[in-house]
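S.K.: If you scroll down you'll find the structure; I have some questions about it.
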Amino acid sequence: GKYSAESATQVMMGTPLRLLEKNDNGWTRAITPEGYIAWVTNASYQEMTKEELDAYKAKDKVIVTTKYTTIYEDNSDKSQMVSDAVWGNILIDLGNAGIYWRKVAIADGRTGYIPQRDVTNFEKWLDSRNPTAENIIATAKQFIGVPYMWGGTSIKAVDCSGFTKSTYFLNGLVLARDASQQCHTGDNVDISKYVNDSTYTVEALSNLKKGDLIFFGSKATPEKKERVTHVGIYIENGIFIHSAGKVRINSLIPSDDNYYSGSKRLLRAC
């Protein structure tokens, strides 16, 4: 682990990690709940014993349900900031603090106050998730304009698979981290007319449904295996949404004004 290394992924506040090993330079190799392994700085996580983690898991939680918010030292937006928080962050719930504020704790022990309107009970939120195609697309569209950042997984910045992972997580579904892993999620959708027959029409994509994941990359050759390098979420009529430069909507149909120049690298869908 070192700061000059390539960014692998971001882990959202409140996510449990399993620590694997430490080096002598202030870094720890850890594994995320979906099995992704990378290095994190020692200052960026709170180490816990199994008993402490079990106690943490048992505590009531709230989840941030607005794009951006702030945790303050007191129940006033004039007080000192403890931390920022973003959509999907999970915090320990310490109860109401007046009509407009909720007291919360971060896993590292810091406490503060967050606007009541910006959070909801985590269990109620989880029970309310309804990952329909319409809800997934609605969530995805709220990321439009968010800048691309390699390894990004939050509303601040996302890479292509960080965008799809975050969109599905906010609808209660956990995907693998990378596009090359996400392409093995669910059942394959037949888009062979588009991919193999070079029929770049909406009709060639008729098997796709709203919310399906579509993957781009390099086809297999006798010398090389197929390589998946990009992912987006299909909307309809050849239109999809993805993070490329920024989160944006593009078309797979060459005659459309918002045609994506990488469309002919489409490989598969699921």
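Naming scheme: A, B, ... for chains in displayed order of the structure tokens; residues 1 onward per chain; ligands 1 onward as shown.
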From the DSSP assignment of the backbone, select every residue of stretch 65-238 of chain A that is helix (DSSP H, G or I), and format the answer as a ChimeraX atom specification.
M.R.: /A:116-118,122-127,133-141,160-169,179-182,192-195,203-205
S.K.: Output N, CA, C and O atoms of each residue in that selection to a file, as a compact mmCIF listing (two decimals), in the first residue's frame.
M.R.:
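Final output, saved to selection_7.txt:
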```
# COMPACT_ATOMS: atom_id res chain seq x y z
N GLN A 116 -32.38 15.87 10.59
CA GLN A 116 -33.31 14.74 10.64
C GLN A 116 -33.81 14.37 9.24
O GLN A 116 -33.97 13.18 8.91
N ARG A 117 -34.00 15.37 8.38
CA ARG A 117 -34.55 15.12 7.04
C ARG A 117 -33.58 14.37 6.14
O ARG A 117 -33.98 13.85 5.09
N ASP A 118 -32.28 14.31 6.53
CA ASP A 118 -31.26 13.73 5.66
C ASP A 118 -30.98 12.26 5.94
O ASP A 118 -30.14 11.65 5.25
N PHE A 122 -32.13 2.61 9.18
CA PHE A 122 -31.55 1.72 8.17
C PHE A 122 -32.45 0.52 7.88
O PHE A 122 -32.65 0.16 6.72
N GLU A 123 -32.99 -0.12 8.91
CA GLU A 123 -33.82 -1.30 8.69
C GLU A 123 -35.09 -0.95 7.94
O GLU A 123 -35.51 -1.69 7.03
N LYS A 124 -35.69 0.17 8.27
CA LYS A 124 -36.89 0.60 7.54
C LYS A 124 -36.54 0.92 6.09
O LYS A 124 -37.29 0.60 5.16
N TRP A 125 -35.38 1.57 5.91
CA TRP A 125 -34.93 1.88 4.54
C TRP A 125 -34.73 0.60 3.75
O TRP A 125 -35.19 0.50 2.61
N LEU A 126 -34.07 -0.40 4.36
CA LEU A 126 -33.80 -1.65 3.67
C LEU A 126 -35.10 -2.36 3.31
O LEU A 126 -35.25 -2.87 2.19
N ASP A 127 -36.06 -2.36 4.24
CA ASP A 127 -37.35 -3.01 3.98
C ASP A 127 -38.12 -2.30 2.86
O ASP A 127 -38.95 -2.92 2.19
N ALA A 133 -37.11 -2.00 -12.25
CA ALA A 133 -36.35 -1.33 -13.32
C ALA A 133 -36.55 0.19 -13.25
O ALA A 133 -35.60 0.96 -13.41
N GLU A 134 -37.78 0.61 -12.99
CA GLU A 134 -38.07 2.04 -12.93
C GLU A 134 -37.30 2.71 -11.79
O GLU A 134 -36.77 3.81 -11.95
N ASN A 135 -37.25 2.05 -10.63
CA ASN A 135 -36.54 2.64 -9.49
C ASN A 135 -35.03 2.69 -9.74
O ASN A 135 -34.36 3.65 -9.35
N ILE A 136 -34.50 1.64 -10.36
CA ILE A 136 -33.07 1.62 -10.67
C ILE A 136 -32.72 2.74 -11.64
O ILE A 136 -31.74 3.48 -11.43
N ILE A 137 -33.52 2.94 -12.67
CA ILE A 137 -33.26 4.01 -13.64
C ILE A 137 -33.41 5.37 -12.98
O ILE A 137 -32.62 6.29 -13.22
N ALA A 138 -34.42 5.53 -12.12
CA ALA A 138 -34.62 6.81 -11.43
C ALA A 138 -33.41 7.15 -10.55
O ALA A 138 -32.97 8.31 -10.52
N THR A 139 -32.89 6.15 -9.86
CA THR A 139 -31.69 6.38 -9.03
C THR A 139 -30.51 6.73 -9.91
O THR A 139 -29.76 7.68 -9.63
N ALA A 140 -30.32 5.97 -10.99
CA ALA A 140 -29.20 6.22 -11.90
C ALA A 140 -29.22 7.65 -12.43
O ALA A 140 -28.18 8.32 -12.52
N LYS A 141 -30.39 8.15 -12.78
CA LYS A 141 -30.49 9.50 -13.35
C LYS A 141 -30.13 10.59 -12.34
O LYS A 141 -29.75 11.70 -12.74
N CYS A 160 -17.09 3.66 -13.90
CA CYS A 160 -18.25 3.05 -14.55
C CYS A 160 -18.92 2.00 -13.68
O CYS A 160 -20.15 1.98 -13.51
N SER A 161 -18.12 1.09 -13.09
CA SER A 161 -18.71 0.04 -12.27
C SER A 161 -19.06 0.54 -10.87
O SER A 161 -19.95 -0.01 -10.20
N GLY A 162 -18.36 1.59 -10.40
CA GLY A 162 -18.75 2.22 -9.15
C GLY A 162 -20.13 2.85 -9.26
O GLY A 162 -20.92 2.82 -8.32
N PHE A 163 -20.43 3.39 -10.44
CA PHE A 163 -21.75 3.96 -10.69
C PHE A 163 -22.83 2.89 -10.66
O PHE A 163 -23.86 3.03 -10.00
N THR A 164 -22.62 1.78 -11.38
CA THR A 164 -23.64 0.72 -11.40
C THR A 164 -23.78 0.08 -10.02
O THR A 164 -24.90 -0.19 -9.57
N LYS A 165 -22.66 -0.14 -9.35
CA LYS A 165 -22.70 -0.73 -8.01
C LYS A 165 -23.48 0.17 -7.05
O LYS A 165 -24.32 -0.30 -6.28
N SER A 166 -23.20 1.48 -7.09
CA SER A 166 -23.87 2.41 -6.19
C SER A 166 -25.36 2.50 -6.50
O SER A 166 -26.20 2.53 -5.58
N THR A 167 -25.71 2.53 -7.78
CA THR A 167 -27.11 2.59 -8.17
C THR A 167 -27.89 1.39 -7.65
O THR A 167 -28.99 1.53 -7.09
N TYR A 168 -27.33 0.22 -7.81
CA TYR A 168 -28.01 -0.99 -7.35
C TYR A 168 -28.01 -1.07 -5.82
O TYR A 168 -29.02 -1.49 -5.22
N PHE A 169 -26.91 -0.67 -5.18
CA PHE A 169 -26.88 -0.68 -3.70
C PHE A 169 -27.97 0.21 -3.13
O PHE A 169 -28.65 -0.17 -2.16
N ALA A 179 -16.53 -4.13 -13.50
CA ALA A 179 -17.34 -4.53 -14.66
C ALA A 179 -17.06 -5.98 -15.05
O ALA A 179 -17.98 -6.72 -15.40
N SER A 180 -15.79 -6.38 -14.97
CA SER A 180 -15.42 -7.75 -15.35
C SER A 180 -15.99 -8.80 -14.39
O SER A 180 -16.07 -9.98 -14.73
N GLN A 181 -16.40 -8.37 -13.19
CA GLN A 181 -17.06 -9.25 -12.23
C GLN A 181 -18.58 -9.13 -12.35
O GLN A 181 -19.30 -10.12 -12.28
N GLN A 182 -19.06 -7.91 -12.55
CA GLN A 182 -20.51 -7.68 -12.65
C GLN A 182 -21.11 -8.40 -13.86
O GLN A 182 -22.29 -8.75 -13.85
N SER A 192 -26.83 -10.87 -29.53
CA SER A 192 -25.88 -11.32 -30.54
C SER A 192 -26.10 -10.63 -31.89
O SER A 192 -25.15 -10.46 -32.66
N LYS A 193 -27.34 -10.23 -32.20
CA LYS A 193 -27.57 -9.56 -33.48
C LYS A 193 -26.78 -8.25 -33.55
O LYS A 193 -26.24 -7.89 -34.60
N TYR A 194 -26.74 -7.56 -32.45
CA TYR A 194 -26.00 -6.30 -32.39
C TYR A 194 -24.50 -6.58 -32.35
O TYR A 194 -23.73 -5.98 -33.10
N VAL A 195 -24.09 -7.50 -31.48
CA VAL A 195 -22.66 -7.74 -31.23
C VAL A 195 -21.99 -8.47 -32.38
O VAL A 195 -20.90 -8.08 -32.83
N GLU A 203 -34.06 -2.87 -32.82
CA GLU A 203 -34.61 -4.22 -32.93
C GLU A 203 -33.58 -5.28 -32.52
O GLU A 203 -33.92 -6.31 -31.93
N ALA A 204 -32.32 -5.03 -32.80
CA ALA A 204 -31.27 -5.98 -32.43
C ALA A 204 -31.06 -6.04 -30.92
O ALA A 204 -30.44 -6.97 -30.41
N LEU A 205 -31.62 -5.04 -30.22
CA LEU A 205 -31.49 -4.98 -28.76
C LEU A 205 -32.81 -5.30 -28.07
O LEU A 205 -32.98 -5.02 -26.88
```
S.K.: Kindly indicate which residue among A:Val82, A:Ile214, A:Val189, A:Ile99 lies nearest to A:Thr111, using only C-alpha atoms for the distances.
M.R.: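 Between A:Val82, A:Ile214, A:Val189, A:Ile99, the residue approaching A:Thr111 most closely is A:Val82.
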S.K.: Counting only C-alpha atoms, figure out which residue out of A:Lys61, A:Trp87, A:Ser76, A:Lys2 gets nearest to A:Val104.
M.R.: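 Among A:Lys61, A:Trp87, A:Ser76, A:Lys2, it is A:Lys61 that comes nearest to A:Val104.
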S.K.: Residues within 9 Å of A:Thr70, please, as number ranges by chain. Count only C-alpha atoms; anything in the same chain fewer than 3 positions from it doesn't count.
M.R.: A: 77, 81-86, 113-115
S.K.: In Å, how far is it from atom CA of A:Arg268 to atom CA of A:Phe216?
M.R.: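 Separation between atom CA of A:Arg268 and atom CA of A:Phe216: 7.2 Å.
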S.K.: Which residues are near stretch 43-55 of chain A? Cut-off 12 Å, only C-alpha atoms, ignore same chain within fewer than 4 positions. Put them as a list in words.
M.R.: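 Answer for this query is Gln10, Val11, Met12, Met13, Gly14, Thr15, Pro16, Leu17, Arg18, Leu19, Leu20, Lys22, Asn25, Gly26, Trp27, Thr28, Arg29, Ala30, Trp39, Lys59, Asp60, Ile92, Ile106, Ala107, Asp108, Gly109 and Arg110 of chain A.
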S.K.: Calculate how many Å separate atom CA of A:Val247 from atom CA of A:Gln142, rounding to one decimal.
M.R.: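 Between these atoms lies a distance of 9.4 Å.
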S.K.: Find, counting only C-alpha atoms, the residue in A:Ser4, A:Gly217, A:Asp74, A:Thr69 that gets nearest to A:Gly98.
M.R.: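 Looking at the shortest contact to A:Gly98, the residue is A:Asp74.
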S.K.: So how far away is atom CA of A:Thr66 from atom CA of A:Val146, in Å?
M.R.: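 Value for the atom CA of A:Val146-atom CA of A:Thr66 distance: 14.6 Å.
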S.K.: Pick from A:Ser198, A:Asn121, A:Thr65, A:Asn237: nearest to A:Asn250, with only C-alpha atoms counted?
M.R.: A:Asn237
S.K.: Which polymer residues have any atom within 7 Å of an atom of A:Ile241, counting only C-alpha atoms, with same-chain residues fewer than 3 positions away left out, as a PDB file with all heavy atoms, in the first residue's frame?
M.R.:
```
ATOM      1  N   GLY A 232     -22.634  -0.144 -18.351  1.00  0.00           N
ATOM      2  CA  GLY A 232     -23.682   0.859 -18.229  1.00  0.00           C
ATOM      3  C   GLY A 232     -25.000   0.191 -17.881  1.00  0.00           C
ATOM      4  O   GLY A 232     -25.089  -1.037 -17.788  1.00  0.00           O
ATOM      5  N   ILE A 233     -26.035   1.002 -17.697  1.00  0.00           N
ATOM      6  CA  ILE A 233     -27.373   0.504 -17.370  1.00  0.00           C
ATOM      7  C   ILE A 233     -28.309   0.855 -18.522  1.00  0.00           C
ATOM      8  O   ILE A 233     -28.417   2.024 -18.915  1.00  0.00           O
ATOM      9  CB  ILE A 233     -27.895   1.117 -16.052  1.00  0.00           C
ATOM     10  CG1 ILE A 233     -26.936   0.814 -14.893  1.00  0.00           C
ATOM     11  CG2 ILE A 233     -29.292   0.592 -15.734  1.00  0.00           C
ATOM     12  CD1 ILE A 233     -27.301   1.524 -13.602  1.00  0.00           C
ATOM     13  N   TYR A 234     -28.956  -0.159 -19.058  1.00  0.00           N
ATOM     14  CA  TYR A 234     -29.850   0.057 -20.197  1.00  0.00           C
ATOM     15  C   TYR A 234     -31.140   0.727 -19.744  1.00  0.00           C
ATOM     16  O   TYR A 234     -31.702   0.385 -18.689  1.00  0.00           O
ATOM     17  CB  TYR A 234     -30.177  -1.278 -20.869  1.00  0.00           C
ATOM     18  CG  TYR A 234     -30.840  -1.133 -22.211  1.00  0.00           C
ATOM     19  CD1 TYR A 234     -30.131  -0.658 -23.314  1.00  0.00           C
ATOM     20  CD2 TYR A 234     -32.176  -1.472 -22.387  1.00  0.00           C
ATOM     21  CE1 TYR A 234     -30.733  -0.523 -24.557  1.00  0.00           C
ATOM     22  CE2 TYR A 234     -32.795  -1.352 -23.632  1.00  0.00           C
ATOM     23  CZ  TYR A 234     -32.067  -0.869 -24.709  1.00  0.00           C
ATOM     24  OH  TYR A 234     -32.673  -0.738 -25.932  1.00  0.00           O
ATOM     25  N   ARG A 248     -23.652  10.138 -17.772  1.00  0.00           N
ATOM     26  CA  ARG A 248     -24.413  10.720 -18.878  1.00  0.00           C
ATOM     27  C   ARG A 248     -25.238   9.649 -19.575  1.00  0.00           C
ATOM     28  O   ARG A 248     -25.005   8.450 -19.405  1.00  0.00           O
ATOM     29  CB  ARG A 248     -23.483  11.385 -19.881  1.00  0.00           C
ATOM     30  CG  ARG A 248     -22.371  10.498 -20.438  1.00  0.00           C
ATOM     31  CD  ARG A 248     -21.312  11.344 -21.140  1.00  0.00           C
ATOM     32  NE  ARG A 248     -20.125  10.598 -21.518  1.00  0.00           N
ATOM     33  CZ  ARG A 248     -19.828  10.236 -22.757  1.00  0.00           C
ATOM     34  NH1 ARG A 248     -20.656  10.505 -23.741  1.00  0.00           N
ATOM     35  NH2 ARG A 248     -18.707   9.602 -23.021  1.00  0.00           N
ATOM     36  N   ILE A 249     -26.199  10.112 -20.366  1.00  0.00           N
ATOM     37  CA  ILE A 249     -27.050   9.227 -21.152  1.00  0.00           C
ATOM     38  C   ILE A 249     -26.565   9.244 -22.598  1.00  0.00           C
ATOM     39  O   ILE A 249     -26.324  10.306 -23.172  1.00  0.00           O
ATOM     40  CB  ILE A 249     -28.521   9.658 -21.061  1.00  0.00           C
ATOM     41  CG1 ILE A 249     -29.048   9.400 -19.641  1.00  0.00           C
ATOM     42  CG2 ILE A 249     -29.378   8.915 -22.085  1.00  0.00           C
ATOM     43  CD1 ILE A 249     -30.474   9.881 -19.416  1.00  0.00           C
ATOM     44  N   ASN A 250     -26.410   8.063 -23.169  1.00  0.00           N
ATOM     45  CA  ASN A 250     -25.976   7.920 -24.558  1.00  0.00           C
ATOM     46  C   ASN A 250     -26.836   6.899 -25.270  1.00  0.00           C
ATOM     47  O   ASN A 250     -27.647   6.212 -24.655  1.00  0.00           O
ATOM     48  CB  ASN A 250     -24.509   7.495 -24.636  1.00  0.00           C
ATOM     49  CG  ASN A 250     -23.546   8.648 -24.424  1.00  0.00           C
ATOM     50  OD1 ASN A 250     -22.778   8.657 -23.471  1.00  0.00           O
ATOM     51  ND2 ASN A 250     -23.573   9.630 -25.295  1.00  0.00           N
TER      52      ASN A 250
END
```
S.K.: Quick one: residues within 6 Å of A:Val62, only C-alpha atoms, excluding same-chain residues fewer than 6 positions away - as a ChimeraX atom specification?
M.R.: /A:90-91,93,119-122
S.K.: Please determine, counting only C-alpha atoms, which residue among A:Leu213, A:Met149, A:Cys183, A:Val158 has the shortest atom-to-atom distance to A:Glu226.
M.R.: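 Answer, going by the shortest atom-to-atom distance: A:Cys183.
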S.K.: I need the residue nearest A:Tyr68 from this list: A:Ala5, A:Ala244, A:Ala97, A:Ile155. Use only C-alpha atoms for the distance.
M.R.: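 Residue with the minimum atom-to-atom distance to A:Tyr68: A:Ile155.
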